[in-house]
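Undergrad: Provided below: final30.cif, containing mmCIF, C-alpha atoms and all ligand atoms.
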data_target
loop_
_atom_site.label_atom_id
_atom_site.label_comp_id
_atom_site.auth_asym_id
_atom_site.auth_seq_id
_atom_site.Cartn_x
_atom_site.Cartn_y
_atom_site.Cartn_z
CA MET S 1 11.58 -28.21 -15.50
CA ALA S 2 13.84 -30.27 -17.74
CA GLY S 3 12.00 -33.05 -19.50
CA MET S 4 8.70 -32.03 -17.97
CA ILE S 5 6.06 -34.51 -18.95
CA VAL S 6 2.72 -33.12 -19.94
CA ALA S 7 -0.22 -35.47 -19.93
CA ILE S 8 -2.15 -34.68 -23.08
CA GLY S 9 -5.87 -35.21 -23.08
CA ILE S 10 -6.36 -34.81 -19.35
CA PRO S 11 -8.34 -31.61 -19.09
CA GLY S 12 -6.70 -29.02 -16.91
CA LYS S 13 -8.76 -26.73 -14.75
CA GLU S 14 -7.92 -23.87 -17.06
CA GLU S 15 -9.18 -25.63 -20.14
CA THR S 16 -12.72 -24.71 -19.22
CA THR S 17 -11.95 -21.02 -19.83
CA MET S 18 -12.92 -19.55 -23.18
CA PRO S 19 -10.16 -19.75 -25.78
CA TYR S 20 -8.91 -16.37 -26.90
CA ARG S 21 -10.33 -15.21 -30.23
CA TRP S 22 -7.60 -13.73 -32.38
CA PRO S 23 -8.60 -11.14 -34.96
CA ALA S 24 -8.19 -12.50 -38.50
CA ASP S 25 -5.55 -9.92 -39.44
CA THR S 26 -3.22 -10.65 -36.49
CA VAL S 27 0.40 -10.93 -37.61
CA PHE S 28 2.27 -13.64 -35.69
CA THR S 29 5.96 -14.27 -35.20
CA HIS S 30 6.47 -18.02 -35.69
CA ILE S 31 8.54 -20.04 -33.26
CA ALA S 32 9.16 -23.79 -33.45
CA LEU S 33 10.25 -25.62 -30.30
CA GLU S 34 11.74 -29.08 -30.04
CA VAL S 35 12.30 -31.43 -27.14
CA GLU S 36 15.89 -31.06 -25.93
CA GLU S 37 16.26 -34.63 -24.72
CA ARG S 38 16.96 -36.92 -27.67
CA TRP S 39 16.75 -40.29 -25.97
CA CYS S 40 14.16 -42.09 -23.90
CA ARG S 41 14.88 -41.96 -20.21
CA ALA S 42 13.46 -45.43 -19.66
CA CYS S 43 15.06 -47.43 -22.47
CA GLY S 44 17.51 -45.11 -24.21
CA HIS S 45 15.79 -45.40 -27.58
CA PRO S 46 15.79 -42.17 -29.67
CA LEU S 47 12.58 -40.20 -29.18
CA THR S 48 10.46 -39.43 -32.21
CA VAL S 49 8.12 -36.56 -32.90
CA CYS S 50 4.57 -37.83 -32.50
CA ASP S 51 2.48 -34.67 -32.56
CA HIS S 52 2.49 -30.89 -32.82
CA ARG S 53 0.86 -28.50 -30.43
CA GLN S 54 0.00 -25.10 -31.79
CA ARG S 55 -0.18 -22.20 -29.38
CA ARG S 56 -0.73 -18.52 -29.84
CA LEU S 57 0.49 -16.08 -27.26
CA PHE S 58 0.78 -12.42 -26.51
CA THR S 59 4.24 -11.19 -25.66
CA LEU S 60 5.29 -7.60 -25.09
CA ASN S 61 7.03 -7.85 -28.49
CA GLY S 62 3.87 -8.88 -30.28
CA PRO S 63 1.76 -11.99 -30.93
CA VAL S 64 3.65 -15.27 -31.25
CA HIS S 65 2.59 -18.52 -32.88
CA VAL S 66 4.41 -21.40 -31.19
CA VAL S 67 4.66 -24.86 -32.69
CA CYS S 68 5.70 -27.39 -30.05
CA LYS S 69 7.04 -30.62 -31.48
CA LEU S 70 5.93 -33.29 -29.03
CA ALA S 71 7.99 -36.44 -28.75
CA HIS S 72 7.59 -39.93 -27.38
CA CYS S 73 9.44 -43.24 -27.24
CA PRO S 74 8.38 -45.24 -30.32
CA GLU S 75 9.10 -48.62 -28.62
CA GLY S 76 5.71 -50.16 -27.91
CA VAL S 77 7.11 -52.33 -25.12
CA CYS S 78 8.80 -49.41 -23.31
CA PRO S 79 6.96 -48.28 -20.16
CA ALA S 80 7.50 -44.64 -21.28
CA HIS S 81 5.87 -45.28 -24.67
CA THR S 82 2.54 -43.72 -23.71
CA GLN S 83 4.13 -40.60 -22.28
CA THR S 84 4.44 -37.51 -24.42
CA VAL S 85 7.31 -35.13 -23.79
CA SER S 86 6.92 -31.40 -24.43
CA PRO S 87 9.70 -29.01 -25.39
CA GLU S 88 11.25 -27.67 -22.17
CA ALA S 89 11.45 -24.15 -23.55
CA GLU S 90 7.67 -23.90 -23.85
CA THR S 91 7.09 -23.11 -20.18
CA ALA S 92 9.76 -20.43 -20.37
CA LEU S 93 7.46 -18.58 -22.79
CA ALA S 94 4.18 -19.21 -21.00
CA MET S 95 2.59 -21.71 -18.66
CA PRO S 96 0.12 -24.25 -20.08
CA TRP S 97 -3.22 -22.72 -21.15
CA TRP S 98 -1.97 -19.16 -20.75
CA VAL S 99 -2.56 -16.73 -23.58
CA LEU S 100 -0.19 -14.17 -22.03
CA GLY S 101 3.53 -14.82 -22.07
CA TRP S 102 5.62 -14.57 -18.93
CA ASP S 103 6.86 -11.13 -19.86
CA VAL S 104 3.29 -9.80 -20.03
CA VAL S 105 2.33 -11.48 -16.74
CA CYS S 106 5.37 -10.00 -14.98
CA TRP S 107 4.62 -6.60 -16.50
CA LEU S 108 1.04 -6.55 -15.27
CA GLY S 109 1.91 -7.96 -11.85
CA HIS S 110 4.48 -5.22 -11.38
CA ARG S 111 2.02 -2.53 -12.49
CA ARG S 112 -0.65 -3.90 -10.15
CA PHE S 113 1.35 -4.49 -6.98
CA THR S 114 4.31 -2.10 -7.14
CA ARG S 115 2.70 0.80 -8.96
CA HIS S 116 -0.83 0.07 -7.62
CA TRP S 117 -2.49 0.50 -10.98
CA SER S 118 -6.13 -0.51 -11.22
CA VAL S 119 -7.20 -3.39 -13.44
CA GLY S 120 -8.89 -0.95 -15.81
CA GLN S 121 -5.74 1.14 -16.09
CA ILE S 122 -3.64 -1.96 -16.82
CA ARG S 123 -6.13 -3.13 -19.44
CA ALA S 124 -6.08 0.26 -21.18
CA GLU S 125 -2.29 0.46 -21.15
CA LEU S 126 -1.94 -3.10 -22.51
CA ALA S 127 -4.32 -2.21 -25.35
CA ASP S 128 -2.81 1.20 -26.14
CA THR S 129 0.88 0.45 -25.94
CA TYR S 130 1.12 -3.27 -26.68
CA ARG S 131 -2.10 -3.89 -28.64
CA ILE S 132 -2.95 -6.66 -26.22
CA ARG S 133 -6.70 -6.78 -25.69
CA VAL S 134 -7.96 -8.85 -22.77
CA SER S 135 -11.05 -8.58 -20.58
CA ASP S 136 -11.03 -7.43 -16.95
CA ASP S 137 -11.98 -10.98 -15.94
CA ALA S 138 -9.00 -12.46 -17.70
CA LEU S 139 -6.70 -9.80 -16.28
CA GLU S 140 -7.86 -10.53 -12.76
CA GLN S 141 -7.19 -14.21 -13.32
CA TYR S 142 -3.61 -13.43 -14.46
CA ILE S 143 -3.12 -11.15 -11.47
CA ARG S 144 -4.11 -14.05 -9.20
CA ARG S 145 -1.62 -16.28 -10.99
CA TYR S 146 1.06 -13.66 -10.56
CA GLN S 147 0.32 -13.58 -6.83
CA GLN S 148 0.63 -17.36 -6.65
CA MET S 149 3.98 -17.23 -8.40
CA LEU S 150 5.15 -14.47 -6.10
CA ALA S 151 4.04 -16.37 -3.01
CA ALA S 152 5.83 -19.48 -4.27
CA ARG S 153 9.01 -17.48 -4.76
CA TRP S 154 8.79 -15.87 -1.33
CA GLN S 155 8.40 -19.30 0.19
CA ASP S 156 11.30 -20.79 -1.75
CA PRO S 157 13.45 -22.49 0.93
CA GLY S 158 16.73 -21.52 -0.73
CA LEU S 159 15.85 -17.83 -0.98
CA LEU S 160 14.47 -17.87 2.54
CA ALA S 161 17.68 -19.37 3.93
CA ALA S 162 19.69 -16.65 2.18
CA ALA S 163 17.44 -13.91 3.56
CA TYR S 164 17.88 -15.24 7.10
CA ALA S 165 21.57 -16.12 6.87
CA ASP S 166 22.65 -13.41 9.32
CA VAL S 167 19.57 -13.37 11.54
CA GLU S 168 20.18 -14.89 14.97
CA ALA S 169 16.61 -15.62 15.94
CA VAL S 170 13.21 -15.03 14.41
CA SER S 171 10.23 -13.20 15.91
CA LEU S 172 6.85 -14.37 14.71
CA ALA S 173 3.41 -12.81 14.63
CA ILE S 174 0.03 -14.24 13.70
CA ASP S 175 -3.17 -12.40 13.00
CA GLY S 176 -6.53 -13.15 11.45
CA LEU S 177 -7.76 -10.71 8.82
CA GLN S 178 -11.21 -10.62 7.31
CA PRO S 179 -10.89 -9.12 3.84
CA GLU S 180 -14.65 -8.67 3.64
CA LYS S 181 -17.45 -9.23 6.12
CA GLY S 182 -18.74 -12.77 5.97
CA HIS S 183 -15.63 -14.09 4.23
CA GLU S 184 -13.43 -16.70 5.78
CA THR S 185 -10.65 -15.28 7.90
CA LEU S 186 -7.21 -15.11 6.38
CA TYR S 187 -4.57 -16.05 8.94
CA VAL S 188 -1.22 -14.50 8.24
CA VAL S 189 2.05 -15.58 9.81
CA ARG S 190 4.70 -12.87 9.61
CA GLU S 191 8.31 -12.76 10.66
CA LEU S 192 9.31 -9.44 12.18
CA GLU S 193 13.13 -9.42 11.87
CA ARG S 194 13.06 -9.51 8.07
CA LYS S 195 9.49 -8.17 7.86
CA ARG S 196 8.38 -11.01 5.63
CA ILE S 197 5.06 -12.73 5.32
CA TRP S 198 5.89 -16.38 5.72
CA PHE S 199 2.55 -17.78 4.71
CA ALA S 200 -1.16 -17.13 4.85
CA GLU S 201 -4.06 -19.50 5.00
CA ALA S 202 -7.80 -18.91 4.85
CA LEU S 203 -9.51 -20.82 7.64
CA LEU S 204 -13.26 -21.28 7.87
CA SER S 205 -13.14 -21.52 11.63
CA SER S 206 -10.87 -20.05 14.24
CA ALA S 207 -10.96 -23.31 16.18
CA THR S 208 -7.85 -24.05 18.17
CA ALA S 209 -7.12 -27.19 16.17
CA GLU S 210 -7.04 -25.36 12.84
CA VAL S 211 -4.92 -22.51 14.14
CA GLN S 212 -2.62 -25.08 15.73
CA GLN S 213 -1.81 -26.46 12.29
CA LEU S 214 -0.56 -23.06 11.17
CA LEU S 215 1.57 -22.76 14.31
CA ALA S 216 3.01 -26.19 13.64
CA GLN S 217 3.83 -25.08 10.11
CA ALA S 218 5.58 -21.99 11.48
CA ARG S 219 7.62 -24.22 13.78
CA ALA S 220 8.61 -26.40 10.82
CA TRP S 221 9.76 -23.30 8.92
CA ALA S 222 11.86 -22.04 11.82
CA GLU S 223 13.40 -25.47 12.25
CA ARG S 224 14.21 -25.73 8.56
CA LEU S 225 15.94 -22.36 8.79
CA GLY S 226 17.73 -23.59 11.91
CA LYS S 227 16.75 -20.43 13.83
CA PRO S 228 15.34 -20.25 17.35
CA VAL S 229 12.07 -18.36 17.87
CA ARG S 230 12.73 -15.36 20.09
CA LEU S 231 9.09 -14.42 20.67
CA TRP S 232 5.54 -14.59 19.39
CA MET S 233 3.24 -11.66 19.01
CA SER S 234 -0.54 -11.68 18.52
CA ASP S 235 -3.78 -10.52 20.03
CA LYS S 236 -5.25 -12.44 22.96
CA GLN S 237 -7.48 -14.71 20.89
CA ASP S 238 -7.88 -17.93 22.79
CA ALA S 239 -6.70 -20.11 19.90
CA PHE S 240 -3.44 -18.11 19.69
CA VAL S 241 -2.78 -18.11 23.43
CA ARG S 242 -3.31 -21.86 23.78
CA GLY S 243 -1.79 -22.82 20.45
CA ILE S 244 1.44 -20.91 20.93
CA ALA S 245 1.84 -22.20 24.49
CA ALA S 246 1.41 -25.75 23.21
CA GLU S 247 3.52 -25.52 20.05
CA PHE S 248 6.28 -23.23 21.40
CA PRO S 249 6.67 -24.04 25.08
CA GLY S 250 8.90 -21.51 26.85
CA VAL S 251 8.82 -18.98 24.00
CA PRO S 252 7.59 -15.55 25.23
CA HIS S 253 4.23 -14.53 23.84
CA ARG S 254 3.65 -10.78 23.74
CA TYR S 255 0.30 -9.24 23.07
CA CYS S 256 0.23 -6.75 20.29
CA THR S 257 0.15 -3.10 21.48
CA ASN S 258 -1.82 -2.14 18.40
CA HIS S 259 -4.68 -4.42 19.39
CA PHE S 260 -4.40 -3.21 22.97
CA LEU S 261 -4.72 0.44 21.94
CA ARG S 262 -7.57 -0.36 19.60
CA ASP S 263 -9.50 -2.02 22.42
CA VAL S 264 -8.83 0.93 24.72
CA ALA S 265 -9.98 3.32 22.00
CA LYS S 266 -13.35 1.62 21.56
CA PRO S 267 -15.17 3.32 24.48
CA VAL S 268 -13.63 6.66 23.42
CA LEU S 269 -15.11 6.34 19.95
CA GLU S 270 -18.46 5.30 21.34
CA ALA S 271 -18.66 8.34 23.59
CA ASP S 272 -17.57 10.52 20.70
CA SER S 273 -20.28 9.10 18.49
CA HIS S 274 -22.94 9.98 21.10
CA ALA S 275 -21.56 13.51 21.31
CA LYS S 276 -21.82 13.85 17.54
CA VAL S 277 -25.49 12.82 17.54
CA LYS S 278 -26.21 15.39 20.27
CA LEU S 279 -24.45 18.19 18.40
CA ARG S 280 -26.33 17.42 15.20
CA ARG S 281 -29.61 17.44 17.09
CA THR S 282 -28.79 20.87 18.59
CA VAL S 283 -27.61 22.61 15.44
CA ARG S 284 -30.64 22.57 13.16
CA GLY S 285 -32.63 24.78 10.82
CA LEU S 286 -29.87 25.44 8.27
CA ARG S 287 -32.15 24.70 5.35
CA ALA S 288 -34.87 27.10 6.58
CA ILE S 289 -32.33 29.93 6.89
CA GLU S 290 -30.94 29.21 3.42
CA ARG S 291 -34.40 29.09 1.88
CA GLU S 292 -35.27 32.44 3.37
CA VAL S 293 -32.06 34.07 2.10
CA LEU S 294 -32.44 32.59 -1.38
CA ALA S 295 -36.03 33.79 -1.62
CA ALA S 296 -34.92 37.31 -0.69
CA ARG S 297 -32.09 37.19 -3.22
CA ARG S 298 -34.47 36.31 -6.06
CA THR S 299 -36.30 39.62 -5.71
CA PRO S 300 -35.31 41.16 -9.08
CA ALA S 301 -33.45 44.42 -9.62
CA PRO S 302 -35.21 47.10 -11.73
CA PRO S 303 -35.28 45.52 -15.22
CA GLN S 304 -34.40 48.58 -17.30
CA LEU S 305 -31.00 48.97 -15.59
CA SER S 306 -27.82 47.02 -16.25
CA GLU S 307 -26.14 45.29 -13.31
CA ALA S 308 -23.52 48.07 -13.03
CA GLN S 309 -26.12 50.81 -13.17
CA ALA S 310 -28.24 48.96 -10.66
CA GLN S 311 -25.21 48.72 -8.38
CA GLU S 312 -24.70 52.49 -8.60
CA THR S 313 -28.28 53.44 -8.04
CA ARG S 314 -28.81 51.03 -5.18
CA SER S 315 -28.78 52.52 -1.74
CA PRO S 316 -25.87 51.57 0.54
CA GLU S 317 -28.41 49.75 2.73
CA ALA S 318 -29.49 47.56 -0.19
CA HIS S 319 -25.89 46.78 -1.04
CA THR S 320 -25.18 45.85 2.57
CA GLU S 321 -28.12 43.53 2.54
CA THR S 322 -26.90 41.78 -0.64
CA VAL S 323 -23.45 41.18 0.82
CA GLY S 324 -24.99 40.14 4.10
CA ARG S 325 -27.06 37.42 2.42
CA GLU S 326 -23.93 35.93 0.86
CA VAL S 327 -22.24 35.89 4.26
CA VAL S 328 -25.21 34.08 5.79
CA LEU S 329 -25.08 31.47 2.99
CA ASP S 330 -21.34 31.05 3.56
CA TYR S 331 -21.97 30.42 7.23
CA CYS S 332 -24.59 27.82 6.38
CA THR S 333 -22.17 26.05 4.04
CA ALA S 334 -19.45 26.07 6.68
CA VAL S 335 -21.75 24.69 9.37
CA ARG S 336 -23.05 21.97 7.05
CA GLY S 337 -19.47 20.98 6.26
CA ILE S 338 -18.70 20.75 9.96
CA LEU S 339 -21.75 18.57 10.64
CA ASN S 340 -20.92 16.23 7.76
CA ASP S 341 -17.26 15.78 8.67
CA ASP S 342 -17.13 12.21 9.89
CA GLN S 343 -13.50 11.24 9.40
CA GLY S 344 -11.10 10.47 12.21
CA GLY S 345 -10.01 7.69 14.53
CA PRO S 346 -9.76 7.58 18.29
CA ARG S 347 -6.78 9.94 18.34
CA HIS S 348 -8.70 12.63 16.45
CA PRO S 349 -12.32 11.98 17.44
CA PRO S 350 -14.64 13.58 14.88
CA GLY S 351 -17.18 14.63 17.54
CA LEU S 352 -14.54 16.55 19.43
CA ARG S 353 -13.45 18.27 16.24
CA MET S 354 -17.08 19.05 15.43
CA ALA S 355 -17.57 20.69 18.83
CA GLU S 356 -14.41 22.77 18.40
CA ALA S 357 -15.40 23.91 14.93
CA LEU S 358 -18.93 24.83 16.03
CA GLY S 359 -17.37 26.77 18.90
CA GLU S 360 -15.32 28.74 16.37
CA VAL S 361 -18.43 29.52 14.33
CA ARG S 362 -20.22 30.71 17.44
CA ALA S 363 -17.24 32.94 18.36
CA SER S 364 -17.17 34.33 14.83
CA LEU S 365 -20.90 35.16 14.94
CA GLN S 366 -20.37 36.81 18.30
CA ARG S 367 -17.55 38.95 16.86
CA ASN S 368 -19.88 40.01 14.05
CA LEU S 369 -22.59 41.01 16.46
CA GLU S 370 -20.16 43.06 18.51
CA ALA S 371 -18.71 44.69 15.41
CA LYS S 372 -22.21 45.59 14.25
CA LYS S 373 -23.10 47.06 17.63
CA GLY S 374 -19.90 49.15 17.70
CA ALA S 375 -20.34 50.33 14.12
CA LEU S 376 -24.02 51.21 14.15
CA HIS S 377 -23.16 54.81 13.51
CA MET S 378 -20.52 54.12 10.91
CA SER S 379 -21.19 53.70 7.21
CA ALA S 380 -22.68 50.26 6.78
CA SER S 381 -20.59 49.45 3.70
CA ARG S 382 -17.47 49.38 5.86
CA VAL S 383 -19.01 47.00 8.35
CA TRP S 384 -19.78 43.99 6.19
CA PRO S 385 -16.29 43.38 4.79
CA ALA S 386 -14.99 43.33 8.35
CA ILE S 387 -17.58 40.69 9.15
CA SER S 388 -16.75 38.43 6.25
CA THR S 389 -13.06 38.33 7.16
CA GLY S 390 -14.04 37.82 10.80
CA GLY S 391 -15.82 34.60 9.79
ZN ZN S 401 11.63 -45.92 -24.24
#
How does the structure come out when it is put into structure tokens?

TA:
Amino acid sequence: MAGMIVAIGIPGKEETTMPYRWPADTVFTHIALEVEERWCRACGHPLTVCDHRQRRLFTLNGPVHVVCKLAHCPEGVCPAHTQTVSPEAETALAMPWWVLGWDVVCWLGHRRFTRHWSVGQIRAELADTYRIRVSDDALEQYIRRYQQMLAARWQDPGLLAAAYADVEAVSLAIDGLQPEKGHETLYVVRELERKRIWFAEALLSSATAEVQQLLAQARAWAERLGKPVRLWMSDKQDAFVRGIAAEFPGVPHRYCTNHFLRDVAKPVLEADSHAKVKLRRTVRGLRAIEREVLAARRTPAPPQLSEAQAQETRSPEAHTETVGREVVLDYCTAVRGILNDDQGGPRHPPGLRMAEALGEVRASLQRNLEAKKGALHMSASRVWPAISTGG
């Protein structure tokens, strides 16, 4: 970063974003930065201050007003004369065009990716605790920048060499992921010994030639590390099979068991889905039963009596009927829950679970019927509680 030259006046991509509007009563801490290098690199002449750049930033310690003293070589004949030098320390506070300092960017990146906070949660916490008010849009942009920085660090050759210092050979995997339907596919190359993502690239087509470039890049990485490739792992996509054979001749290529199982599971899930449709078609009429029970329940008790008095004066048969209605409604709720339960993969097929649960309901109803038959001569009030626990 030392002596980084910033071309003033050439609009950066970020310049098109809206400048942040600071409230009039914002209190800033003032910082002045100067160029560390005193002499021109081209001719050795002392640099002179030619301009000031004012920047305002959020830091976790409060708003900061930075004055950057820009310098240049005053010698008109010097080839470096037209170049403006910025204070090196500026980028340690924040990157060009950023309104959030590095400390804030690191803070929000950590909250987003390690703690899995939502953007809204981060925005609220920034406002409440640090009095930093930024829009969701802006936050998302900073989160993307954080990801770029993180990716750059993970790909840093020096750090990578250190991580692989005591690894004998690397094992590589490639897979195409589609974050959303219709989006381009993101191809991810991972290394399995250190469980690191090496790099990822969004490709518009899965043509062999494009995939081949990624494989060539993986080979370059392995060569730079000086490690042999022990094996490749991927699904049986044609581009992978051909590409790996071409780029890594002699390296074993294993097909991923996860993909294999998923393919095997497909017909299981299809059959299960048919079974579910059939079950739903068979078990019908819940709403009609519920409507009937609710209509019966609405028949009012004698108005001159309180609920307790009504309870006392009601016949045991009436009481039994009241409890019975509630039990019927409970059954309806349970059955509806069973029919709506749609969760589960091939190892716990939802249709199978639905059939089992409906079987339990049927068994429970059967137990009730038998209990009722056996207890016809007993007091009815002792029958219903037995039924409700039986369900
Ligand atoms: Zn010069």

Undergrad: Excluding Tyr187 in chain S and residues on its chain fewer than 6 positions from it, collect all residues at most 8 Å away from it, counting only C-alpha atoms, and give them as a list in words.

TA: Ile174, Asp175, Gly176, Leu177, Ala200, Glu201, Ala202 and Leu203 of chain S

Undergrad: If you count all atoms listed in the file, which residues fall within 8 Å of Ala222 in chain S, apart from same-chain ones fewer than 6 positions away, as a PyMOL selection string?

TA: chain S and resi 170+228-229

Undergrad: Identify which of the residues S:Val64, S:Cys78, S:Leu57, S:Leu139 lies closest to ligand ZN 401 (chain S), counting all atoms listed in the file when measuring atom-to-atom distances.

TA: S:Cys78

Undergrad: Quick one, how far is CA of Asp128 in chain S from CA of Pro63 in chain S?

TA: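 Distance between the two atoms: 14.8 Å.
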
Undergrad: Mind checking which residues fall within 9 Å of range 146-149 of chain S, counting all atoms listed in the file, ignoring those fewer than 3 positions away in the same chain, and posting them as a PyMOL selection string?

TA: chain S and resi 105-106+108-109+141-143+152-154

Undergrad: Around ligand ZN 401 (chain S), at most 8 Å away and counting all atoms listed in the file, which residues are there? Put them as a PDB file with C-alpha atoms, in the coordinates of the input, please.

TA:
ATOM      1  CA  TRP S  39      16.750 -40.290 -25.970  1.00  0.00           C
ATOM      2  CA  CYS S  40      14.160 -42.090 -23.900  1.00  0.00           C
ATOM      3  CA  ARG S  41      14.880 -41.960 -20.210  1.00  0.00           C
ATOM      4  CA  ALA S  42      13.460 -45.430 -19.660  1.00  0.00           C
ATOM      5  CA  CYS S  43      15.060 -47.430 -22.470  1.00  0.00           C
ATOM      6  CA  GLY S  44      17.510 -45.110 -24.210  1.00  0.00           C
ATOM      7  CA  HIS S  45      15.790 -45.400 -27.580  1.00  0.00           C
ATOM      8  CA  PRO S  46      15.790 -42.170 -29.670  1.00  0.00           C
ATOM      9  CA  LEU S  47      12.580 -40.200 -29.180  1.00  0.00           C
ATOM     10  CA  HIS S  72       7.590 -39.930 -27.380  1.00  0.00           C
ATOM     11  CA  CYS S  73       9.440 -43.240 -27.240  1.00  0.00           C
ATOM     12  CA  PRO S  74       8.380 -45.240 -30.320  1.00  0.00           C
ATOM     13  CA  GLU S  75       9.100 -48.620 -28.620  1.00  0.00           C
ATOM     14  CA  VAL S  77       7.110 -52.330 -25.120  1.00  0.00           C
ATOM     15  CA  CYS S  78       8.800 -49.410 -23.310  1.00  0.00           C
ATOM     16  CA  PRO S  79       6.960 -48.280 -20.160  1.00  0.00           C
ATOM     17  CA  ALA S  80       7.500 -44.640 -21.280  1.00  0.00           C
ATOM     18  CA  HIS S  81       5.870 -45.280 -24.670  1.00  0.00           C
TER      19      HIS S  81
END

Undergrad: Got a minute to add N, CA, C and O atoms to range 135-148 of chain S and dump it as a PDB file, in the coordinates of the input?

TA:
ATOM      1  N   SER S 135      -9.946  -9.063 -21.417  1.00  0.00           N
ATOM      2  CA  SER S 135     -11.050  -8.580 -20.580  1.00  0.00           C
ATOM      3  C   SER S 135     -10.559  -8.365 -19.145  1.00  0.00           C
ATOM      4  O   SER S 135      -9.503  -8.868 -18.743  1.00  0.00           O
ATOM      5  N   ASP S 136     -11.340  -7.612 -18.372  1.00  0.00           N
ATOM      6  CA  ASP S 136     -11.030  -7.430 -16.950  1.00  0.00           C
ATOM      7  C   ASP S 136     -10.991  -8.778 -16.231  1.00  0.00           C
ATOM      8  O   ASP S 136     -10.125  -9.017 -15.399  1.00  0.00           O
ATOM      9  N   ASP S 137     -11.936  -9.653 -16.562  1.00  0.00           N
ATOM     10  CA  ASP S 137     -11.980 -10.980 -15.940  1.00  0.00           C
ATOM     11  C   ASP S 137     -10.670 -11.720 -16.125  1.00  0.00           C
ATOM     12  O   ASP S 137     -10.087 -12.252 -15.183  1.00  0.00           O
ATOM     13  N   ALA S 138     -10.230 -11.741 -17.384  1.00  0.00           N
ATOM     14  CA  ALA S 138      -9.000 -12.460 -17.700  1.00  0.00           C
ATOM     15  C   ALA S 138      -7.824 -11.821 -16.973  1.00  0.00           C
ATOM     16  O   ALA S 138      -6.981 -12.516 -16.409  1.00  0.00           O
ATOM     17  N   LEU S 139      -7.799 -10.491 -16.951  1.00  0.00           N
ATOM     18  CA  LEU S 139      -6.700  -9.800 -16.280  1.00  0.00           C
ATOM     19  C   LEU S 139      -6.645 -10.168 -14.809  1.00  0.00           C
ATOM     20  O   LEU S 139      -5.571 -10.425 -14.256  1.00  0.00           O
ATOM     21  N   GLU S 140      -7.823 -10.202 -14.183  1.00  0.00           N
ATOM     22  CA  GLU S 140      -7.860 -10.530 -12.760  1.00  0.00           C
ATOM     23  C   GLU S 140      -7.342 -11.947 -12.518  1.00  0.00           C
ATOM     24  O   GLU S 140      -6.658 -12.210 -11.536  1.00  0.00           O
ATOM     25  N   GLN S 141      -7.677 -12.840 -13.449  1.00  0.00           N
ATOM     26  CA  GLN S 141      -7.190 -14.210 -13.320  1.00  0.00           C
ATOM     27  C   GLN S 141      -5.650 -14.240 -13.401  1.00  0.00           C
ATOM     28  O   GLN S 141      -4.990 -14.918 -12.621  1.00  0.00           O
ATOM     29  N   TYR S 142      -5.079 -13.461 -14.331  1.00  0.00           N
ATOM     30  CA  TYR S 142      -3.610 -13.430 -14.460  1.00  0.00           C
ATOM     31  C   TYR S 142      -2.967 -12.778 -13.243  1.00  0.00           C
ATOM     32  O   TYR S 142      -1.872 -13.154 -12.834  1.00  0.00           O
ATOM     33  N   ILE S 143      -3.665 -11.791 -12.665  1.00  0.00           N
ATOM     34  CA  ILE S 143      -3.120 -11.150 -11.470  1.00  0.00           C
ATOM     35  C   ILE S 143      -3.076 -12.157 -10.321  1.00  0.00           C
ATOM     36  O   ILE S 143      -2.115 -12.203  -9.557  1.00  0.00           O
ATOM     37  N   ARG S 144      -4.115 -12.998 -10.236  1.00  0.00           N
ATOM     38  CA  ARG S 144      -4.110 -14.050  -9.200  1.00  0.00           C
ATOM     39  C   ARG S 144      -2.961 -15.021  -9.425  1.00  0.00           C
ATOM     40  O   ARG S 144      -2.285 -15.431  -8.488  1.00  0.00           O
ATOM     41  N   ARG S 145      -2.724 -15.372 -10.678  1.00  0.00           N
ATOM     42  CA  ARG S 145      -1.620 -16.280 -10.990  1.00  0.00           C
ATOM     43  C   ARG S 145      -0.286 -15.649 -10.604  1.00  0.00           C
ATOM     44  O   ARG S 145       0.598 -16.295 -10.065  1.00  0.00           O
ATOM     45  N   TYR S 146      -0.173 -14.369 -10.906  1.00  0.00           N
ATOM     46  CA  TYR S 146       1.060 -13.660 -10.560  1.00  0.00           C
ATOM     47  C   TYR S 146       1.295 -13.733  -9.052  1.00  0.00           C
ATOM     48  O   TYR S 146       2.409 -13.991  -8.593  1.00  0.00           O
ATOM     49  N   GLN S 147       0.196 -13.526  -8.286  1.00  0.00           N
ATOM     50  CA  GLN S 147       0.320 -13.580  -6.830  1.00  0.00           C
ATOM     51  C   GLN S 147       0.784 -14.966  -6.373  1.00  0.00           C
ATOM     52  O   GLN S 147       1.589 -15.089  -5.462  1.00  0.00           O
ATOM     53  N   GLN S 148       0.231 -16.000  -7.021  1.00  0.00           N
ATOM     54  CA  GLN S 148       0.630 -17.360  -6.650  1.00  0.00           C
ATOM     55  C   GLN S 148       2.112 -17.575  -6.912  1.00  0.00           C
ATOM     56  O   GLN S 148       2.818 -18.162  -6.100  1.00  0.00           O
TER      57      GLN S 148
END
